[in-house]
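The file target-v2.cif contains mmCIF, C-alpha atoms:
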data_start
#
loop_
_atom_site.group_PDB
_atom_site.id
_atom_site.type_symbol
_atom_site.label_atom_id
_atom_site.label_comp_id
_atom_site.auth_asym_id
_atom_site.auth_seq_id
_atom_site.Cartn_x
_atom_site.Cartn_y
_atom_site.Cartn_z
ATOM 1 C CA MET A 17 4.627 -75.584 31.086
ATOM 2 C CA LEU A 18 6.483 -77.985 28.824
ATOM 3 C CA ASN A 19 6.487 -81.290 30.667
ATOM 4 C CA HIS A 20 5.575 -84.899 29.916
ATOM 5 C CA ALA A 21 2.061 -84.693 31.358
ATOM 6 C CA ASN A 22 1.143 -81.469 29.543
ATOM 7 C CA VAL A 23 2.472 -82.634 26.181
ATOM 8 C CA TRP A 24 0.387 -85.781 26.331
ATOM 9 C CA LYS A 25 -2.575 -83.769 27.577
ATOM 10 C CA ALA A 26 -2.216 -81.617 24.471
ATOM 11 C CA VAL A 27 -2.384 -84.736 22.286
ATOM 12 C CA ASP A 28 -5.596 -85.762 24.077
ATOM 13 C CA GLN A 29 -7.044 -82.241 23.745
ATOM 14 C CA ILE A 30 -6.313 -82.153 20.010
ATOM 15 C CA ALA A 31 -8.047 -85.523 19.634
ATOM 16 C CA LYS A 32 -11.077 -84.302 21.581
ATOM 17 C CA ALA A 33 -11.259 -80.999 19.693
ATOM 18 C CA TYR A 34 -11.509 -82.894 16.396
ATOM 19 C CA GLY A 35 -13.977 -85.504 17.626
ATOM 20 C CA LEU A 36 -11.503 -88.345 17.982
ATOM 21 C CA SER A 37 -10.273 -90.745 20.627
ATOM 22 C CA ALA A 38 -6.542 -91.172 21.217
ATOM 23 C CA SER A 39 -6.560 -94.330 19.102
ATOM 24 C CA GLY A 40 -8.701 -92.651 16.441
ATOM 25 C CA LEU A 41 -6.249 -89.765 16.259
ATOM 26 C CA ALA A 42 -3.346 -92.191 15.852
ATOM 27 C CA LYS A 43 -5.100 -94.023 13.000
ATOM 28 C CA LYS A 44 -6.081 -90.757 11.277
ATOM 29 C CA SER A 45 -2.433 -89.682 11.545
ATOM 30 C CA GLY A 46 -1.268 -92.846 9.790
ATOM 31 C CA LEU A 47 0.158 -94.403 12.951
ATOM 32 C CA ASP A 48 -0.522 -97.631 14.794
ATOM 33 C CA SER A 49 -3.812 -97.256 16.673
ATOM 34 C CA THR A 50 -2.089 -97.924 20.008
ATOM 35 C CA THR A 51 0.603 -95.241 19.559
ATOM 36 C CA PHE A 52 -1.121 -92.708 21.820
ATOM 37 C CA ASN A 53 -2.580 -95.174 24.341
ATOM 38 C CA LYS A 54 -1.918 -94.200 27.959
ATOM 39 C CA SER A 55 -0.139 -97.508 28.504
ATOM 40 C CA LYS A 56 2.427 -96.447 25.880
ATOM 41 C CA ARG A 57 3.323 -93.199 27.622
ATOM 42 C CA THR A 58 5.678 -94.860 30.082
ATOM 43 C CA SER A 59 7.931 -97.853 29.568
ATOM 44 C CA PRO A 60 7.633 -101.010 31.733
ATOM 45 C CA ASP A 61 10.545 -99.765 33.844
ATOM 46 C CA GLY A 62 8.818 -96.417 34.445
ATOM 47 C CA LYS A 63 10.769 -94.348 31.925
ATOM 48 C CA LEU A 64 8.752 -91.518 30.395
ATOM 49 C CA ARG A 65 7.971 -91.807 26.685
ATOM 50 C CA TRP A 66 7.311 -88.616 24.746
ATOM 51 C CA PRO A 67 5.480 -88.269 21.417
ATOM 52 C CA SER A 68 8.029 -87.834 18.646
ATOM 53 C CA THR A 69 8.231 -84.659 16.572
ATOM 54 C CA GLU A 70 7.242 -86.793 13.581
ATOM 55 C CA SER A 71 4.093 -87.929 15.420
ATOM 56 C CA VAL A 72 3.183 -84.350 16.318
ATOM 57 C CA ALA A 73 3.698 -83.279 12.699
ATOM 58 C CA LYS A 74 1.416 -86.095 11.529
ATOM 59 C CA ILE A 75 -1.224 -85.092 14.100
ATOM 60 C CA LEU A 76 -1.230 -81.514 12.801
ATOM 61 C CA ALA A 77 -1.393 -82.636 9.172
ATOM 62 C CA ALA A 78 -4.233 -85.078 9.855
ATOM 63 C CA THR A 79 -6.389 -82.663 11.854
ATOM 64 C CA GLY A 80 -5.540 -79.389 10.134
ATOM 65 C CA ALA A 81 -4.459 -77.911 13.460
ATOM 66 C CA ASP A 82 -1.352 -75.729 13.540
ATOM 67 C CA LEU A 83 1.617 -75.681 15.880
ATOM 68 C CA TYR A 84 0.302 -72.594 17.674
ATOM 69 C CA GLU A 85 -2.836 -74.516 18.634
ATOM 70 C CA PHE A 86 -0.821 -77.494 19.889
ATOM 71 C CA VAL A 87 1.483 -75.259 21.949
ATOM 72 C CA ALA A 88 -1.549 -73.482 23.416
ATOM 73 C CA TYR A 89 -2.889 -76.829 24.619
ATOM 74 C CA VAL A 90 0.506 -77.637 26.147
ATOM 75 C CA GLU A 91 0.780 -74.303 27.926
ATOM 76 C CA ASN A 92 -2.831 -73.535 28.825
ATOM 77 C CA GLY A 93 -4.786 -76.758 28.423
ATOM 78 C CA GLN A 94 -7.149 -75.054 25.980
ATOM 79 C CA LYS A 95 -7.236 -73.796 22.435
ATOM 80 C CA ALA A 96 -5.867 -70.298 22.037
ATOM 81 C CA PRO A 97 -7.784 -67.666 20.081
ATOM 82 C CA PRO A 98 -6.473 -67.037 16.546
ATOM 83 C CA ARG A 99 -3.500 -64.717 16.560
ATOM 84 C CA THR A 100 -2.858 -62.026 13.986
ATOM 85 C CA ILE A 101 0.240 -60.084 13.062
ATOM 86 C CA PRO A 102 0.656 -56.797 11.162
ATOM 87 C CA LEU A 103 1.246 -56.813 7.393
ATOM 88 C CA ILE A 104 2.507 -54.200 4.921
ATOM 89 C CA GLY A 105 4.197 -54.250 1.549
ATOM 90 C CA LEU A 106 7.972 -54.494 1.442
ATOM 91 C CA ALA A 107 8.235 -51.102 -0.263
ATOM 92 C CA GLN A 108 6.087 -49.464 2.429
ATOM 93 C CA ALA A 109 8.423 -50.714 5.162
ATOM 94 C CA GLY A 110 10.960 -48.069 4.204
ATOM 95 C CA SER A 111 8.495 -45.230 4.778
ATOM 96 C CA GLU A 112 8.184 -43.316 8.021
ATOM 97 C CA GLY A 113 5.456 -44.160 10.508
ATOM 98 C CA TYR A 114 5.420 -47.943 10.207
ATOM 99 C CA PHE A 115 8.037 -48.693 12.890
ATOM 100 C CA ASP A 116 8.738 -47.166 16.278
ATOM 101 C CA ASP A 117 12.166 -46.141 17.552
ATOM 102 C CA ALA A 118 12.858 -49.710 18.706
ATOM 103 C CA GLY A 119 12.186 -51.075 15.209
ATOM 104 C CA TYR A 120 8.852 -52.679 16.113
ATOM 105 C CA PRO A 121 5.623 -52.322 14.056
ATOM 106 C CA THR A 122 3.472 -49.399 15.144
ATOM 107 C CA ARG A 123 0.356 -51.374 14.058
ATOM 108 C CA GLY A 124 -1.874 -48.319 13.629
ATOM 109 C CA CYS A 125 -1.560 -48.209 9.840
ATOM 110 C CA TRP A 126 -0.914 -51.906 9.204
ATOM 111 C CA GLU A 127 -3.269 -54.597 7.990
ATOM 112 C CA GLU A 128 -3.605 -57.789 10.061
ATOM 113 C CA ILE A 129 -3.293 -61.415 8.957
ATOM 114 C CA PRO A 130 -3.678 -64.679 10.925
ATOM 115 C CA THR A 131 -0.498 -66.592 11.597
ATOM 116 C CA PRO A 132 0.605 -69.948 13.009
ATOM 117 C CA GLY A 133 2.475 -70.036 16.274
ATOM 118 C CA THR A 134 5.409 -67.758 16.853
ATOM 119 C CA THR A 135 6.331 -66.702 20.359
ATOM 120 C CA ASP A 136 7.634 -63.339 19.124
ATOM 121 C CA HIS A 137 4.916 -60.819 19.902
ATOM 122 C CA HIS A 138 6.663 -58.254 17.706
ATOM 123 C CA ALA A 139 6.613 -60.490 14.612
ATOM 124 C CA PHE A 140 5.239 -58.950 11.425
ATOM 125 C CA ALA A 141 4.666 -59.815 7.771
ATOM 126 C CA LEU A 142 5.921 -58.199 4.574
ATOM 127 C CA GLU A 143 4.439 -58.748 1.125
ATOM 128 C CA ILE A 144 7.157 -59.215 -1.491
ATOM 129 C CA SER A 145 7.044 -57.078 -4.633
ATOM 130 C CA GLY A 146 9.223 -57.347 -7.725
ATOM 131 C CA ASP A 147 11.667 -60.043 -8.820
ATOM 132 C CA SER A 148 14.762 -59.254 -6.745
ATOM 133 C CA MET A 149 14.133 -62.193 -4.382
ATOM 134 C CA GLU A 150 13.332 -64.817 -7.019
ATOM 135 C CA PRO A 151 13.389 -67.776 -7.144
ATOM 136 C CA VAL A 152 13.162 -68.093 -3.324
ATOM 137 C CA PHE A 153 10.490 -65.437 -2.815
ATOM 138 C CA ARG A 154 8.227 -64.343 -5.646
ATOM 139 C CA ASP A 155 6.096 -61.287 -6.248
ATOM 140 C CA GLY A 156 3.060 -61.519 -3.947
ATOM 141 C CA ASP A 157 4.617 -63.934 -1.432
ATOM 142 C CA THR A 158 4.396 -63.011 2.249
ATOM 143 C CA VAL A 159 7.361 -63.428 4.585
ATOM 144 C CA ILE A 160 7.018 -63.605 8.365
ATOM 145 C CA VAL A 161 9.763 -61.664 10.133
ATOM 146 C CA SER A 162 10.892 -61.930 13.765
ATOM 147 C CA PRO A 163 12.678 -59.060 15.527
ATOM 148 C CA GLU A 164 13.448 -61.274 18.533
ATOM 149 C CA GLU A 165 15.030 -64.280 16.798
ATOM 150 C CA SER A 166 18.834 -64.245 16.753
ATOM 151 C CA VAL A 167 20.399 -63.801 13.319
ATOM 152 C CA ARG A 168 23.186 -66.100 12.146
ATOM 153 C CA ARG A 169 25.281 -66.575 9.053
ATOM 154 C CA GLY A 170 23.246 -68.217 6.291
ATOM 155 C CA ASP A 171 19.895 -66.932 7.576
ATOM 156 C CA ARG A 172 17.392 -65.295 5.260
ATOM 157 C CA VAL A 173 16.913 -61.793 6.590
ATOM 158 C CA VAL A 174 15.166 -58.499 5.980
ATOM 159 C CA VAL A 175 17.373 -55.442 6.394
ATOM 160 C CA LYS A 176 16.300 -51.831 6.717
ATOM 161 C CA THR A 177 18.915 -49.116 6.275
ATOM 162 C CA LYS A 178 18.811 -45.737 7.953
ATOM 163 C CA ASP A 179 18.149 -44.251 4.501
ATOM 164 C CA GLY A 180 14.856 -46.190 4.369
ATOM 165 C CA GLU A 181 15.911 -48.922 1.940
ATOM 166 C CA VAL A 182 14.414 -52.348 2.740
ATOM 167 C CA MET A 183 15.757 -55.563 1.225
ATOM 168 C CA ALA A 184 15.475 -59.321 1.711
ATOM 169 C CA LYS A 185 18.820 -61.106 1.433
ATOM 170 C CA VAL A 186 20.915 -63.937 2.856
ATOM 171 C CA LEU A 187 23.328 -62.991 5.639
ATOM 172 C CA LYS A 188 26.711 -64.016 4.262
ATOM 173 C CA ARG A 189 28.991 -62.555 6.927
ATOM 174 C CA GLN A 190 28.692 -60.247 9.921
ATOM 175 C CA THR A 191 31.377 -58.418 11.891
ATOM 176 C CA VAL A 192 31.279 -55.562 14.360
ATOM 177 C CA GLN A 193 31.774 -53.037 11.538
ATOM 178 C CA HIS A 194 30.159 -54.636 8.458
ATOM 179 C CA ILE A 195 27.594 -57.084 7.176
ATOM 180 C CA GLU A 196 27.763 -58.848 3.820
ATOM 181 C CA LEU A 197 24.501 -59.822 2.128
ATOM 182 C CA SER A 198 23.944 -62.260 -0.740
ATOM 183 C CA SER A 199 21.128 -61.752 -3.232
ATOM 184 C CA PHE A 200 18.615 -64.468 -4.052
ATOM 185 C CA ASN A 201 18.399 -63.408 -7.682
ATOM 186 C CA PRO A 202 21.785 -63.462 -9.473
ATOM 187 C CA ALA A 203 20.581 -60.563 -11.607
ATOM 188 C CA HIS A 204 20.750 -58.373 -8.498
ATOM 189 C CA GLU A 205 24.022 -57.472 -6.816
ATOM 190 C CA ASP A 206 25.207 -58.597 -3.409
ATOM 191 C CA ARG A 207 25.550 -55.858 -0.806
ATOM 192 C CA GLU A 208 28.026 -54.849 1.865
ATOM 193 C CA LEU A 209 26.910 -52.356 4.501
ATOM 194 C CA THR A 210 28.488 -50.810 7.563
ATOM 195 C CA THR A 211 26.655 -51.494 10.791
ATOM 196 C CA THR A 212 26.176 -47.756 11.282
ATOM 197 C CA ASP A 213 24.131 -47.702 8.050
ATOM 198 C CA ILE A 214 21.662 -50.313 9.349
ATOM 199 C CA ASP A 215 18.456 -49.466 11.165
ATOM 200 C CA TRP A 216 17.594 -53.140 11.823
ATOM 201 C CA ILE A 217 18.193 -56.659 10.546
ATOM 202 C CA TYR A 218 15.578 -59.334 11.291
ATOM 203 C CA ARG A 219 15.377 -63.029 10.533
ATOM 204 C CA ILE A 220 12.762 -64.409 8.121
ATOM 205 C CA LEU A 221 10.953 -67.284 9.852
ATOM 206 C CA TRP A 222 8.954 -68.612 6.920
ATOM 207 C CA ALA A 223 7.080 -67.572 3.813
ATOM 208 C CA ALA A 224 3.529 -68.105 2.561
ATOM 209 C CA GLN A 225 2.446 -67.979 -1.064
#
Kindly present the structure from the file in structure tokens form.
Amino acid sequence: MLNHANVWKAVDQIAKAYGLSASGLAKKSGLDSTTFNKSKRTSPDGKLRWPSTESVAKILAATGADLYEFVAYVENGQKAPPRTIPLIGLAQAGSEGYFDDAGYPTRGCWEEIPTPGTTDHHAFALEISGDSMEPVFRDGDTVIVSPEESVRRGDRVVVKTKDGEVMAKVLKRQTVQHIELSSFNPAHEDRELTTTDIDWIYRILWAAQ
């Protein structure tokens, strides 16, 4: 549960997991040594003080922990086991057998890779091939894709057509009847598709080189 007590407990658990005290964790994170002291977690008038997102980011950078680990401490009070997601090549994604009727990975014929925290249990990874997504995504990069995240104008997305074509683009415009897609590489054309031509369109969360 995301509440004040559990968030601060997660900070303490991260410190303990990496052999540090609360003050030691603050110093290692480049912060004042008293930043995470229990006396600093409420103001003199009793108002709750939360660790800032910048402080959490510095904690993760200093310890090498990832956001998934921190969230696991918040939710469960203990470190979660490493999570993996399925991976295939972008070209393979257009072939039959890799997705079920709902557009989710079938997993049986996929490889698995570890991933930082995403709450989407249907998330999967695609390995980029070719130069059509340069300079944003290069040959060999891996993109993490979420079927459950909402897609908005300007998002980087992966689209699969009912003909089996799979492409990574930027969502330029979406209506009930059509979607317009911009290409990353100016050498490759933009696309306009009817919604009836689309099997699925999923948001790209992040990429790893």
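Against the coordinates shown, the PyMOL selection byres ((chain A and resi 170) around 7) returns Arg168, Arg169, Asp171, Arg172, Val186, Leu187 and Lys188 of chain A.
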Pull C-alpha atoms from the residues just selected and write them as a PDB file, in the frame of the given file.
ATOM      1  CA  ARG A 168      23.186 -66.100  12.146  1.00  0.00           C
ATOM      2  CA  ARG A 169      25.281 -66.575   9.053  1.00  0.00           C
ATOM      3  CA  ASP A 171      19.895 -66.932   7.576  1.00  0.00           C
ATOM      4  CA  ARG A 172      17.392 -65.295   5.260  1.00  0.00           C
ATOM      5  CA  VAL A 186      20.915 -63.937   2.856  1.00  0.00           C
ATOM      6  CA  LEU A 187      23.328 -62.991   5.639  1.00  0.00           C
ATOM      7  CA  LYS A 188      26.711 -64.016   4.262  1.00  0.00           C
TER       8      LYS A 188
END
Next item on the list: Find, counting all atoms listed in the file, the residue in A:Trp126, A:Trp66, A:Phe153, A:Phe52 that gets nearest to A:Phe140.
Entry: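 That would be A:Trp126, the residue with the smallest distance to A:Phe140.
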Margin query: With the PyMOL selection byres ((chain A and resi 209) around 6) as the selection, what would be picked from this file? Answer as a ChimeraX atom specification, please.
Written below: /A:194-195,208,210
To verify the selection step, state as a tab-separated table (two decimals) with C-alpha atoms, in the coordinates of the input which residues the PyMOL selection byres ((chain A and resi 105-114) around 6) yields on this input.
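The result, stored in selection_31.tsv:
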chain	number	residue	atom	x	y	z
A	104	ILE	CA	2.51	-54.20	4.92
A	115	PHE	CA	8.04	-48.69	12.89
A	121	PRO	CA	5.62	-52.32	14.06
A	122	THR	CA	3.47	-49.40	15.14
A	142	LEU	CA	5.92	-58.20	4.57
A	143	GLU	CA	4.44	-58.75	1.12
A	144	ILE	CA	7.16	-59.22	-1.49
A	180	GLY	CA	14.86	-46.19	4.37
A	181	GLU	CA	15.91	-48.92	1.94
A	182	VAL	CA	14.41	-52.35	2.74
Checklist line | Residue among A:Val72, A:Ala203, A:Leu103, A:Leu41 lying closest to A:Glu150, counting only C-alpha atoms | finding: A:Ala203
Item checked: Polymer residues at most 9 Å from stretch 24-40 of chain A, all atoms listed in the file, same-chain spacing of 3 or more positions, as a PyMOL selection string -> chain A and resi 19-21+43-45+48-54+57+66-67+72+75-76+79+81+85-91+93-95
Checklist line | Given only C-alpha atoms as the counted atoms, nearest of A:Val175, A:Leu47, A:Cys125, A:Ile160 to A:His138 | finding: A:Ile160
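Take atom CA of A:Pro130 and atom CA of A:Arg99: the distance between them is 5.6 Å.
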Check: In Å, how far is it from atom CA of A:Glu70 to atom CA of A:Tyr84?
Finding: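 Answer for the atom CA of A:Glu70 to atom CA of A:Tyr84 separation: 16.3 Å.
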Margin query: Quick check, in Å to one decimal: how far apart do atom CA of A:Asp157 and atom CA of A:Ala223 lie?
Written below: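 Atom-to-atom, atom CA of A:Asp157 to atom CA of A:Ala223, that is 6.8 Å.
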Margin query: For a quick check of understanding, using all atoms listed in the file, which of A:Arg189, A:His204, A:Lys178, A:Lys56 has the smallest distance to A:Gly119?
Written below: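 Among the listed residues, the smallest separation from A:Gly119 belongs to A:Lys178.
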Next item on the list: For the point (16.2, -60.7, 10.5) in the file's frame, write as number ranges by chain all residues with an atom no more than 7 Å away, counting all atoms listed in the file.
Entry: A: 161-163, 167, 173-175, 217-220
Notebook entry, point to check: Which one of A:Leu221, A:Ala139, A:Ala118, A:Leu197 sits closest to A:Val159 if you count all atoms listed in the file?
Noted result: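 Among the listed residues, A:Leu221 lies closest to A:Val159.
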Restore N, CA and C atoms in stretch 33-49 of chain A and list the result as a PDB file, in the frame of the given file.
ATOM      1  N   ALA A  33     -10.801 -82.166  20.457  1.00  0.00           N
ATOM      2  CA  ALA A  33     -11.259 -80.999  19.693  1.00  0.00           C
ATOM      3  C   ALA A  33     -11.716 -81.380  18.298  1.00  0.00           C
ATOM      4  N   TYR A  34     -11.162 -82.479  17.754  1.00  0.00           N
ATOM      5  CA  TYR A  34     -11.509 -82.894  16.396  1.00  0.00           C
ATOM      6  C   TYR A  34     -12.355 -84.166  16.391  1.00  0.00           C
ATOM      7  N   GLY A  35     -13.005 -84.420  17.546  1.00  0.00           N
ATOM      8  CA  GLY A  35     -13.977 -85.504  17.626  1.00  0.00           C
ATOM      9  C   GLY A  35     -13.388 -86.894  17.546  1.00  0.00           C
ATOM     10  N   LEU A  36     -12.181 -87.059  18.073  1.00  0.00           N
ATOM     11  CA  LEU A  36     -11.503 -88.345  17.982  1.00  0.00           C
ATOM     12  C   LEU A  36     -11.077 -88.845  19.358  1.00  0.00           C
ATOM     13  N   SER A  37     -10.920 -90.154  19.462  1.00  0.00           N
ATOM     14  CA  SER A  37     -10.273 -90.745  20.627  1.00  0.00           C
ATOM     15  C   SER A  37      -8.767 -90.740  20.382  1.00  0.00           C
ATOM     16  N   ALA A  38      -7.993 -91.109  21.395  1.00  0.00           N
ATOM     17  CA  ALA A  38      -6.542 -91.172  21.217  1.00  0.00           C
ATOM     18  C   ALA A  38      -6.182 -92.178  20.130  1.00  0.00           C
ATOM     19  N   SER A  39      -6.850 -93.322  20.125  1.00  0.00           N
ATOM     20  CA  SER A  39      -6.560 -94.330  19.102  1.00  0.00           C
ATOM     21  C   SER A  39      -7.053 -93.867  17.729  1.00  0.00           C
ATOM     22  N   GLY A  40      -8.188 -93.174  17.702  1.00  0.00           N
ATOM     23  CA  GLY A  40      -8.701 -92.651  16.441  1.00  0.00           C
ATOM     24  C   GLY A  40      -7.779 -91.603  15.847  1.00  0.00           C
ATOM     25  N   LEU A  41      -7.191 -90.770  16.716  1.00  0.00           N
ATOM     26  CA  LEU A  41      -6.249 -89.765  16.259  1.00  0.00           C
ATOM     27  C   LEU A  41      -4.999 -90.427  15.680  1.00  0.00           C
ATOM     28  N   ALA A  42      -4.523 -91.476  16.339  1.00  0.00           N
ATOM     29  CA  ALA A  42      -3.346 -92.191  15.852  1.00  0.00           C
ATOM     30  C   ALA A  42      -3.610 -92.776  14.461  1.00  0.00           C
ATOM     31  N   LYS A  43      -4.760 -93.413  14.284  1.00  0.00           N
ATOM     32  CA  LYS A  43      -5.100 -94.023  13.000  1.00  0.00           C
ATOM     33  C   LYS A  43      -5.229 -92.958  11.912  1.00  0.00           C
ATOM     34  N   LYS A  44      -5.897 -91.836  12.249  1.00  0.00           N
ATOM     35  CA  LYS A  44      -6.081 -90.757  11.277  1.00  0.00           C
ATOM     36  C   LYS A  44      -4.737 -90.150  10.882  1.00  0.00           C
ATOM     37  N   SER A  45      -3.763 -90.229  11.791  1.00  0.00           N
ATOM     38  CA  SER A  45      -2.433 -89.682  11.545  1.00  0.00           C
ATOM     39  C   SER A  45      -1.516 -90.667  10.830  1.00  0.00           C
ATOM     40  N   GLY A  46      -2.052 -91.849  10.497  1.00  0.00           N
ATOM     41  CA  GLY A  46      -1.268 -92.846   9.790  1.00  0.00           C
ATOM     42  C   GLY A  46      -0.343 -93.641  10.689  1.00  0.00           C
ATOM     43  N   LEU A  47      -0.662 -93.683  11.985  1.00  0.00           N
ATOM     44  CA  LEU A  47       0.158 -94.403  12.951  1.00  0.00           C
ATOM     45  C   LEU A  47      -0.587 -95.621  13.470  1.00  0.00           C
ATOM     46  N   ASP A  48       0.131 -96.497  14.135  1.00  0.00           N
ATOM     47  CA  ASP A  48      -0.522 -97.631  14.794  1.00  0.00           C
ATOM     48  C   ASP A  48      -1.555 -97.113  15.787  1.00  0.00           C
ATOM     49  N   SER A  49      -2.704 -97.760  15.849  1.00  0.00           N
ATOM     50  CA  SER A  49      -3.812 -97.256  16.673  1.00  0.00           C
ATOM     51  C   SER A  49      -3.474 -97.195  18.159  1.00  0.00           C
TER      52      SER A  49
END
